[in-house]
Amino acid sequence: MRITSVEARRYRVDFDPPFRAAWDPIPRDHQVATLVGVHTDEGLSGWASGDALPDRALLESCLVGVDPLRTELVREIGETVDFHGSRPWIAEAAVWDLVGQATGQPVWRLLGGRSDRLLAYASSGELVEPDERARRCVALRDAGVKAVKIRFHHADWRDDVAVVEGVRDAVGSDLQLMVDANQGWRMPGDLEPRWDVATAAQVARALEPLGIYWLEEPLRTDDVDGYAALRRLTSLRLAAGEMVRSAQEARDLVVRGGIDVLQCDAVLSLGVGGCRRAAGLADLMGRSWSPHTWSNGYGLLVNLHAALAFSTVPFVEVPFDPPAWSAERRDWLLPAPIQIAPDGTIAPPEGTGLGVTPDLDALERWRIA
């Protein structure tokens, strides 16, 4: 079997009402997504999404003629394209979907098959009032969800800590809470100042009594020395690295920065194969890997397969903050939304590869290229 072409289809879906993401100063009234198909001379195709693919032609020129089962070769080709241009990892994910179909196995089993289900942590995203955040967390707990991640966004971090205190008072000890400080990176044009180590340490100490499972991205991603200093100042788990561009950045956050949870996203950072290598390094260091999954439904699906295969964390991120960010709004690219089960666990659809085949005819109404 040989790869014959790499196809990219672009779609746009409008959001009404707009989604007010905590990390983006501009409310989102639409989402643009690229669906990538990797085709072969045997008639099999793999599909994935989660990011743009502006270097499609370059990637295709490097992949045509390659046996898709040589997944390490595909990853290495992706690294060369990543170095010179854009992030190519949704094409690599499509290759994994293809390989799963060719071998009759789901991707999570091909990659190692450590788990077949994980506990979902509902990852919040919208800016809402403290009482509303507490109400939503109670509703999620009552629906069977076992963990929720709360995002910081106030100008004064003490106001954000007060939100977490309110949630903890409302849900008691029955719900694990993570906190995302959103300090690792900024959206284009967002020049809001980042925290320094002293601020991050004050925040961590204020959160310690609240039983927080981890504190995510309290510093810039490239502040490795800052993470090392912060590691000595708090007992909280520290998580970071969701958008690292290279394996060396991921390595340094674990080895030099001492973070506890590496979060590189398989469709945005390092790819499936690269995340597997980074997860292995973290495991050897007594740390762990658990992916960032906020892109679209396909991005969640790819990272879910990877997490099932080689994450040692009992939870996996599931973007879910109803009613603003429902499974249906998140998964519009998929034939059907991926749901959290009543027991709080999540698993991909049954089937080979990623377990889904895109309905290209149904998606045509949103196609823009």
# chains A, B, ... in the order shown; residues from 1 in each chain; ligands from 1
>>> closest_atom_pairs(of="segment 172-264 of chain A", to="segment 75-94 of chain A", cutoff="10 Å", atoms="only C-alpha atoms", output="tab-separated table")
residue	atom	partner	partner_atom	distance
A:Arg245	CA	A:Asp82	CA	8.1
A:Ser246	CA	A:Glu79	CA	8.3
A:Ala247	CA	A:Glu79	CA	9.5
>>> residues_around(residues="segment 105-113 of chain A", least_positions_apart="4", cutoff="6 Å", atoms="only C-alpha atoms", output="list in words")
Gly100, His305, Ala306, Leu308, Ala309, Thr352, Gly353 and Leu354 of chain A
>>> closest_residue(among="A:Leu215, A:Ala362, A:Val318, A:Leu233", to="Met178 of chain A", atoms="only C-alpha atoms")
A:Leu215
>>> atom_distance(atom1="atom CA of Pro335 of chain A", atom2="atom CA of Thr357 of chain A")
7.4 Å
>>> residues_around(residues="Ala21 of chain A", least_positions_apart="4", cutoff="7 Å", atoms="only C-alpha atoms", output="list of chain:residue names")
A:Pro27, A:Gly125, A:Glu126, A:Leu127
>>> closest_atom_pairs(of="segment 204-317 of chain A", to="segment 47-60 of chain A", cutoff="6 Å", atoms="only C-alpha atoms", output="Markdown table")
| residue | atom | partner | partner_atom | distance |
| --- | --- | --- | --- | --- |
| A:Val267 | CA | A:Gly50 | CA | 5.8 |
| A:Ser295 | CA | A:Gly50 | CA | 5.2 |
| A:Asn296 | CA | A:Gly50 | CA | 5.6 |
| A:Tyr298 | CA | A:Ser49 | CA | 5.2 |
| A:Gly299 | CA | A:Gly50 | CA | 4.3 |
>>> write_last_selection(atoms="N, CA, C and O atoms", output="JSON list (two decimals), in the first residue's frame")
[["chain", "number", "residue", "atom", "x", "y", "z"],
["A", 267, "VAL", "N", -2.84, 16.70, 17.73],
["A", 267, "VAL", "CA", -3.13, 17.32, 16.44],
["A", 267, "VAL", "C", -2.54, 18.72, 16.33],
["A", 267, "VAL", "O", -2.54, 19.30, 15.24],
["A", 295, "SER", "N", -9.85, 21.70, 20.15],
["A", 295, "SER", "CA", -9.74, 22.14, 18.75],
["A", 295, "SER", "C", -11.13, 21.96, 18.12],
["A", 295, "SER", "O", -11.89, 22.91, 18.02],
["A", 296, "ASN", "N", -11.45, 20.75, 17.74],
["A", 296, "ASN", "CA", -12.82, 20.41, 17.32],
["A", 296, "ASN", "C", -13.06, 18.94, 17.68],
["A", 296, "ASN", "O", -12.23, 18.31, 18.34],
["A", 298, "TYR", "N", -12.96, 16.20, 15.99],
["A", 298, "TYR", "CA", -11.92, 15.28, 15.52],
["A", 298, "TYR", "C", -10.66, 15.39, 16.39],
["A", 298, "TYR", "O", -10.00, 14.38, 16.68],
["A", 299, "GLY", "N", -10.31, 16.62, 16.78],
["A", 299, "GLY", "CA", -9.14, 16.79, 17.64],
["A", 299, "GLY", "C", -9.31, 16.07, 18.96],
["A", 299, "GLY", "O", -8.37, 15.43, 19.48]]
>>> atom_distance(atom1="atom CA of Ile150 of chain A", atom2="atom CA of Val179 of chain A")
4.9 Å
>>> closest_atom_pairs(of="segment 144-190 of chain A", to="segment 132-140 of chain A", cutoff="6 Å", atoms="only C-alpha atoms", output="Markdown table")
| residue | atom | partner | partner_atom | distance |
| --- | --- | --- | --- | --- |
| A:Val145 | CA | A:Leu140 | CA | 5.4 |
| A:Val167 | CA | A:Ala134 | CA | 4.6 |
| A:Val171 | CA | A:Val138 | CA | 5.7 |
>>> write_last_selection(atoms="N, CA, C and O atoms", output="PDB file, in the first residue's frame")
ATOM      1  N   VAL A 145     -20.352  13.308  36.012  1.00  0.00           N
ATOM      2  CA  VAL A 145     -18.994  13.756  35.708  1.00  0.00           C
ATOM      3  C   VAL A 145     -18.172  13.784  36.999  1.00  0.00           C
ATOM      4  O   VAL A 145     -18.639  14.241  38.041  1.00  0.00           O
ATOM      5  N   VAL A 167     -17.042  27.168  43.945  1.00  0.00           N
ATOM      6  CA  VAL A 167     -17.330  25.859  43.345  1.00  0.00           C
ATOM      7  C   VAL A 167     -17.080  24.746  44.354  1.00  0.00           C
ATOM      8  O   VAL A 167     -17.892  23.830  44.504  1.00  0.00           O
ATOM      9  N   VAL A 171     -19.863  21.977  45.448  1.00  0.00           N
ATOM     10  CA  VAL A 171     -19.796  20.561  45.048  1.00  0.00           C
ATOM     11  C   VAL A 171     -19.244  19.663  46.143  1.00  0.00           C
ATOM     12  O   VAL A 171     -19.323  18.439  46.033  1.00  0.00           O
TER      13      VAL A 171
END
>>> closest_residue(among="A:Ala341, A:Gly280, A:Val203, A:Gly274", to="Leu73 of chain A", atoms="only C-alpha atoms")
A:Gly274
>>> closest_residue(among="A:Leu44, A:Ala162, A:Leu175, A:Ala120", to="Ala102 of chain A", atoms="only C-alpha atoms")
A:Leu44
>>> closest_residue(among="A:Trp325, A:Tyr121, A:Trp195, A:Trp157", to="Arg141 of chain A", atoms="only C-alpha atoms")
A:Tyr121
